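**Student:** A single structure is presented below for examination.
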Amino acid sequence: MSKANPSASSKQLEAHKSSMRLPGGWQLPPFGVHQVLAVAIVAVALWSVSLVWLALQGGEQWVGSWQEQVKVHVYVDEQYKDNVNALLESLQDVDGVEDVRQVSLEEARDWMEKWLGGGGLDAGNFTKHLPTSLEVTLAEPKVDTVLDDIRDAAVSQSGEVNEDELQLVQAGDVLGTIRSLAWFATLVLALAMALIVSNTLRMILLARADEVHLMRLMGAKEWFVRLPFILEGLLLGGGAGFVAWLLVWPLIWFTSDWQMNLGIDLSGWSLFLPLLLGGALVGGLGAIIATANIVSPETES
Amino acid sequence: MSESKPIIHMSNLMMRYQTGKVALSGINMEIPQGSFVYLIGESGAGKSTLLKMMYGGLRPTSGQLEVQDMAIRGASERQIRELRQRTGIIFQGNRLLKPRTVFENVALPLRVQGWNAERLLPRVKKVLSFVGLEDRLWSYPETLSGGEQQRVAIARAMLSNPTLILADEPTGNLDDDTARHVLDLLMALNKLGTTVIMATHDLHLLTSHPGLVVQLHQGALVTGQKHEQS
């Protein structure tokens with residue numbers, strides 16, 4: 001004959017307590033294959049969105065690494081120095097130009113010294129051979145034709161525009177367009193992700209329709225019935241965001257040499273909160289869509 | 001039917017479905033508190049419809065239905081929720097949740113009122129002890145016999161200590177002995193003061209378990225009489 005062991009019985013009770021899944025309220029539904037698939041799909045979608053933003057981050061750093069604020073310089077050779085004042089006035093008259101100033105010799109010498117890196121060379125000697133330099137600051141918002149007008153004004157007075165700077169200004173414009181497209185792609189993918197989460201939750205809801213119906217018949221409040229599914233949506237989205245964030249790092253590491261050559265430093269940490277919160281947001285949105293109309297028999301008024 | 005205060009009052013009660021079918025018509029009846037009522041009648045007579053109306057699952061098309069001092073027809077969703085929290089329901093086919101344990105099934109009526117596991121455990125144990133299934137707390141419904149499953153459904157219905165229990169064919173798929181045992185439990189609950197309204201086809205049970213008999217025929221009330229033990 002064996003005696004009941006109170007300690008074993010108590011341990012068994014604790015095991016049952018820890019594994020019990022009471023429905024409704026703050027209790028999450030069990031995690032199954034549907035949820036794993038949803039996390040994987042949403043994570044890949046979030047990862048692709050994060051790549052777009054990472055590329056944009058790199059592009060902005062590359063443009064910004066040349067100058068804090070892009071300004072256009074116009075050069076006039078010694079033989080045309082009589083044209084400098086006329087050119088300055090012409091440039092000031094260009095629509096979209098905020099300011100034009102002549103760079104002083106002292107400033108040019110300082111810049112030259114910095115550029116030479118203090119290698120014992122005489123910056124003053126080099127400065128003598130530099131052309132007269134006019135610095136043009138562009139007005140915001142930028143006028144579309146301003147770069148062409150600056151070039152025309154320079155050519156008419158035998159000046160020469162720094163074409164590299166013009167290309168940087170144009171690259172900045174392209175980045176602005178890419179940024180708008182990135183937002184558009186993000187919104188479209190966010191909607192798609194919300195629908196994926198919504199679809200997953202609809203399947204779970206269908207599988208648990210009896211439970212939802214019973215809870216309502218026993219007087220459960222609507223928030224009590226819906227909360228587990230909303231929580232699950234937030235968790236699925238947030239989890240997918242976290243996975244997407246982890247997947248960003250290998251890409252950053254694999255491109256580190258390339259980044260160094262271009263003088264950029266991509267930051268994965270800057271994507272952590274956007275991916276986590278963005279993921280949770282689309283997950284929550286999907287859950288709201290899924291639970292917007294849970295109809296049980298006998299609950300329709 | 002009795003001089004005690006009615007728990008349910010019906011006056012010219014009518015229910016017509018959207019399809020146009022009239023399920024109940026011109027029902028006038030009072031059910032006293034603490035009574036045991038058999039709702040009998042052929043299939044389609046309106047028994048299940050009447051029970052559903054008593055917990056606010058269906059609203060009367062016309063007439064009055066008052067359950068536990070609440071007029072069902074004009075009741076708000078919140079009032080219906082409160083009524084359901086005071087009512088125990090035993091469904092046709094017991095409707096236990098198969099993927100959940102006996103504990104999780106029985107705990108449901110108080111769980112939806114926000115009770116946590118710590119509070120629920122002793123209460124669930126107590127009601128399972130009442131129906132003789134205290135040792136099946138962590139079993140799954142599919143491992144239980146039909147009679148045991150029905151006893152779990154009774155335990156679930158009585159968990160929140162309701163003043164009214166509505167039972168739709170609780171002995172429907174059970175053999176005679178098991179059906180009697182289930183009815184014994186409902187009678188015991190009734191003796192504790194709970195009003196029990198039970199829709200049934202098993203008329204032979206009336207001979208061994210006395211109660212008020214309400215007969216419906218094609219949605220109309222035929223009789224309301226007291227059936228004494230023979």
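Chain lettering (A, B, ...) mirrors the order of the structure tokens, residue numbering begins at 1 for each chain separately, and ligand numbering begins at 1 in order of display.
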So that I can check the secondary structure, give me every residue of region 12-217 of chain A assigned strand (DSSP E or B) by backbone DSSP, as a PyMOL selection string.
**Tutor:** chain A and resi 72-76+97-102+132-138+160-161
**Student:** Output the contact residues of chain B with respect to chain A at a cut-off of 7 Å, based on only C-alpha atoms, as a ChimeraX atom specification.
**Tutor:** /B:57-58,81-82,84-85,97,104,109,112-113
**Student:** Using C-alpha atoms, can you export the residues from the last selection as a JSON list (two decimals), in the first residue's frame?
**Tutor:**
```json
[["chain", "number", "residue", "atom", "x", "y", "z"],
["B", 57, "GLY", "CA", -29.65, 35.32, -26.42],
["B", 58, "LEU", "CA", -32.81, 36.32, -28.27],
["B", 81, "ARG", "CA", -24.10, 40.69, -19.42],
["B", 82, "GLU", "CA", -25.03, 41.17, -15.76],
["B", 84, "ARG", "CA", -25.81, 36.15, -17.70],
["B", 85, "GLN", "CA", -23.36, 36.47, -14.82],
["B", 97, "LEU", "CA", -14.09, 23.27, -24.58],
["B", 104, "GLU", "CA", -10.34, 25.64, -17.17],
["B", 109, "PRO", "CA", -18.10, 31.75, -15.57],
["B", 112, "VAL", "CA", -14.97, 36.11, -17.31],
["B", 113, "GLN", "CA", -15.67, 38.16, -14.19]]
```
**Student:** Quick one: pull the distance between CA of Asp82 (chain A) and CA of Asp164 (chain A), Å, one decimal.
**Tutor:**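 These two atoms are separated by 25.6 Å.
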**Student:** Write down as a ChimeraX atom specification the residues belonging to region 38-167 of chain B that are assigned helix (DSSP H, G or I) by DSSP computed on the backbone.
**Tutor:** /B:47-54,77-85,102-111,117-130,134-136,141-143,146-158
**Student:** Output C-alpha atoms for every residue in that selection, as a PDB file, in the first residue's frame.
**Tutor:**
```pdb
ATOM      1  CA  LYS B  47     -38.313  25.158 -25.785  1.00  0.00           C
ATOM      2  CA  SER B  48     -34.780  26.158 -26.789  1.00  0.00           C
ATOM      3  CA  THR B  49     -36.007  29.517 -28.093  1.00  0.00           C
ATOM      4  CA  LEU B  50     -37.655  30.234 -24.734  1.00  0.00           C
ATOM      5  CA  LEU B  51     -34.504  29.260 -22.845  1.00  0.00           C
ATOM      6  CA  LYS B  52     -32.348  31.437 -25.111  1.00  0.00           C
ATOM      7  CA  MET B  53     -34.665  34.367 -24.453  1.00  0.00           C
ATOM      8  CA  MET B  54     -34.274  33.832 -20.723  1.00  0.00           C
ATOM      9  CA  GLU B  77     -25.918  44.941 -23.533  1.00  0.00           C
ATOM     10  CA  ARG B  78     -24.477  45.687 -20.099  1.00  0.00           C
ATOM     11  CA  GLN B  79     -27.679  44.543 -18.381  1.00  0.00           C
ATOM     12  CA  ILE B  80     -27.716  41.353 -20.438  1.00  0.00           C
ATOM     13  CA  ARG B  81     -24.096  40.693 -19.417  1.00  0.00           C
ATOM     14  CA  GLU B  82     -25.026  41.170 -15.760  1.00  0.00           C
ATOM     15  CA  LEU B  83     -28.009  38.836 -16.147  1.00  0.00           C
ATOM     16  CA  ARG B  84     -25.807  36.152 -17.696  1.00  0.00           C
ATOM     17  CA  GLN B  85     -23.362  36.470 -14.819  1.00  0.00           C
ATOM     18  CA  VAL B 102     -11.894  20.392 -16.596  1.00  0.00           C
ATOM     19  CA  PHE B 103     -10.571  23.126 -14.327  1.00  0.00           C
ATOM     20  CA  GLU B 104     -10.344  25.645 -17.173  1.00  0.00           C
ATOM     21  CA  ASN B 105     -13.840  24.714 -18.379  1.00  0.00           C
ATOM     22  CA  VAL B 106     -15.494  24.908 -14.989  1.00  0.00           C
ATOM     23  CA  ALA B 107     -13.681  28.127 -14.086  1.00  0.00           C
ATOM     24  CA  LEU B 108     -15.048  29.983 -17.132  1.00  0.00           C
ATOM     25  CA  PRO B 109     -18.102  31.753 -15.569  1.00  0.00           C
ATOM     26  CA  LEU B 110     -15.986  33.381 -12.868  1.00  0.00           C
ATOM     27  CA  ARG B 111     -12.957  33.781 -15.082  1.00  0.00           C
ATOM     28  CA  ALA B 117      -6.404  31.101 -10.825  1.00  0.00           C
ATOM     29  CA  GLU B 118      -5.577  31.376  -7.125  1.00  0.00           C
ATOM     30  CA  ARG B 119      -9.113  32.457  -6.287  1.00  0.00           C
ATOM     31  CA  LEU B 120     -10.715  30.050  -8.711  1.00  0.00           C
ATOM     32  CA  LEU B 121      -9.001  26.870  -7.616  1.00  0.00           C
ATOM     33  CA  PRO B 122     -10.762  26.277  -4.272  1.00  0.00           C
ATOM     34  CA  ARG B 123     -14.129  27.282  -5.756  1.00  0.00           C
ATOM     35  CA  VAL B 124     -13.756  24.932  -8.729  1.00  0.00           C
ATOM     36  CA  LYS B 125     -12.656  22.107  -6.440  1.00  0.00           C
ATOM     37  CA  LYS B 126     -15.746  22.659  -4.312  1.00  0.00           C
ATOM     38  CA  VAL B 127     -18.233  22.441  -7.189  1.00  0.00           C
ATOM     39  CA  LEU B 128     -16.421  19.475  -8.716  1.00  0.00           C
ATOM     40  CA  SER B 129     -16.659  17.782  -5.342  1.00  0.00           C
ATOM     41  CA  PHE B 130     -20.421  18.449  -5.406  1.00  0.00           C
ATOM     42  CA  GLU B 134     -12.909  16.377  -7.735  1.00  0.00           C
ATOM     43  CA  ASP B 135     -10.270  13.903  -8.927  1.00  0.00           C
ATOM     44  CA  ARG B 136     -10.716  14.928 -12.597  1.00  0.00           C
ATOM     45  CA  PRO B 141     -13.201  16.477 -21.461  1.00  0.00           C
ATOM     46  CA  GLU B 142     -12.493  13.856 -24.123  1.00  0.00           C
ATOM     47  CA  THR B 143     -11.128  11.497 -21.478  1.00  0.00           C
ATOM     48  CA  GLY B 146     -20.776  11.331 -21.430  1.00  0.00           C
ATOM     49  CA  GLY B 147     -22.249  11.398 -17.914  1.00  0.00           C
ATOM     50  CA  GLU B 148     -19.064  12.838 -16.453  1.00  0.00           C
ATOM     51  CA  GLN B 149     -18.970  15.509 -19.137  1.00  0.00           C
ATOM     52  CA  GLN B 150     -22.535  16.478 -18.282  1.00  0.00           C
ATOM     53  CA  ARG B 151     -21.600  16.663 -14.598  1.00  0.00           C
ATOM     54  CA  VAL B 152     -18.728  18.980 -15.537  1.00  0.00           C
ATOM     55  CA  ALA B 153     -21.263  21.137 -17.411  1.00  0.00           C
ATOM     56  CA  ILE B 154     -23.426  21.236 -14.266  1.00  0.00           C
ATOM     57  CA  ALA B 155     -20.399  22.175 -12.156  1.00  0.00           C
ATOM     58  CA  ARG B 156     -19.658  25.001 -14.604  1.00  0.00           C
ATOM     59  CA  ALA B 157     -23.246  26.239 -14.463  1.00  0.00           C
ATOM     60  CA  MET B 158     -23.302  26.305 -10.651  1.00  0.00           C
TER      61      MET B 158
END
```
**Student:** Excluding Arg179 (chain A) and any residue of its chain fewer than 2 positions from it, enumerate the residues within 12 Å of it, using only C-alpha atoms, and give them as an NGL selection string.
**Tutor:** :A and (49 or 52-57 or 59-60 or 172-177 or 181-186)
**Student:** Next, the residues of the selection above should be written as a compact mmCIF listing (two decimals), in the first residue's frame with N, CA and C atoms.
**Tutor:**
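What ended up in result_19.txt:
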```
# COMPACT_ATOMS: atom_id res chain seq x y z
N VAL A 49 11.91 46.72 -45.46
CA VAL A 49 11.68 48.15 -45.22
C VAL A 49 12.92 48.76 -44.55
N VAL A 52 15.70 49.64 -46.95
CA VAL A 52 15.47 50.89 -47.68
C VAL A 52 15.94 52.07 -46.83
N TRP A 53 15.55 52.04 -45.55
CA TRP A 53 15.91 53.16 -44.66
C TRP A 53 17.41 53.19 -44.36
N LEU A 54 17.99 51.99 -44.31
CA LEU A 54 19.44 51.91 -44.08
C LEU A 54 20.19 52.49 -45.28
N ALA A 55 19.71 52.17 -46.48
CA ALA A 55 20.33 52.71 -47.70
C ALA A 55 20.21 54.24 -47.72
N LEU A 56 19.05 54.71 -47.30
CA LEU A 56 18.83 56.15 -47.25
C LEU A 56 19.78 56.82 -46.23
N GLN A 57 19.93 56.13 -45.10
CA GLN A 57 20.84 56.64 -44.06
C GLN A 57 22.26 56.76 -44.63
N GLY A 59 23.12 57.02 -47.84
CA GLY A 59 23.14 58.06 -48.85
C GLY A 59 23.25 59.44 -48.23
N GLU A 60 22.50 59.67 -47.18
CA GLU A 60 22.52 60.98 -46.53
C GLU A 60 23.87 61.25 -45.88
N GLY A 172 21.38 65.34 -53.26
CA GLY A 172 20.50 65.65 -52.11
C GLY A 172 19.05 65.67 -52.53
N ASP A 173 18.81 66.24 -53.74
CA ASP A 173 17.42 66.26 -54.25
C ASP A 173 16.90 64.85 -54.49
N VAL A 174 17.77 64.01 -55.07
CA VAL A 174 17.36 62.61 -55.34
C VAL A 174 17.05 61.90 -54.03
N LEU A 175 17.89 62.15 -53.02
CA LEU A 175 17.66 61.52 -51.72
C LEU A 175 16.30 61.93 -51.13
N GLY A 176 15.94 63.19 -51.35
CA GLY A 176 14.63 63.67 -50.88
C GLY A 176 13.50 62.89 -51.53
N THR A 177 13.66 62.65 -52.86
CA THR A 177 12.65 61.86 -53.57
C THR A 177 12.63 60.43 -53.04
N LEU A 181 9.63 58.16 -51.37
CA LEU A 181 9.29 56.81 -51.83
C LEU A 181 9.41 55.79 -50.69
N ALA A 182 10.42 55.99 -49.84
CA ALA A 182 10.61 55.07 -48.70
C ALA A 182 9.42 55.13 -47.76
N TRP A 183 8.90 56.33 -47.54
CA TRP A 183 7.71 56.46 -46.69
C TRP A 183 6.51 55.76 -47.32
N PHE A 184 6.38 55.96 -48.65
CA PHE A 184 5.27 55.33 -49.35
C PHE A 184 5.37 53.80 -49.25
N ALA A 185 6.58 53.27 -49.53
CA ALA A 185 6.79 51.82 -49.45
C ALA A 185 6.53 51.31 -48.04
N THR A 186 6.97 52.10 -47.05
CA THR A 186 6.77 51.70 -45.65
C THR A 186 5.28 51.60 -45.33
```
**Student:** Between A:Val103, A:Ala287, A:Val155, A:Leu236, which one has atoms that come closest to Leu195 (chain A), using only C-alpha atoms?
**Tutor:**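 Looking at the shortest contact to Leu195 (chain A), the residue is A:Ala287.
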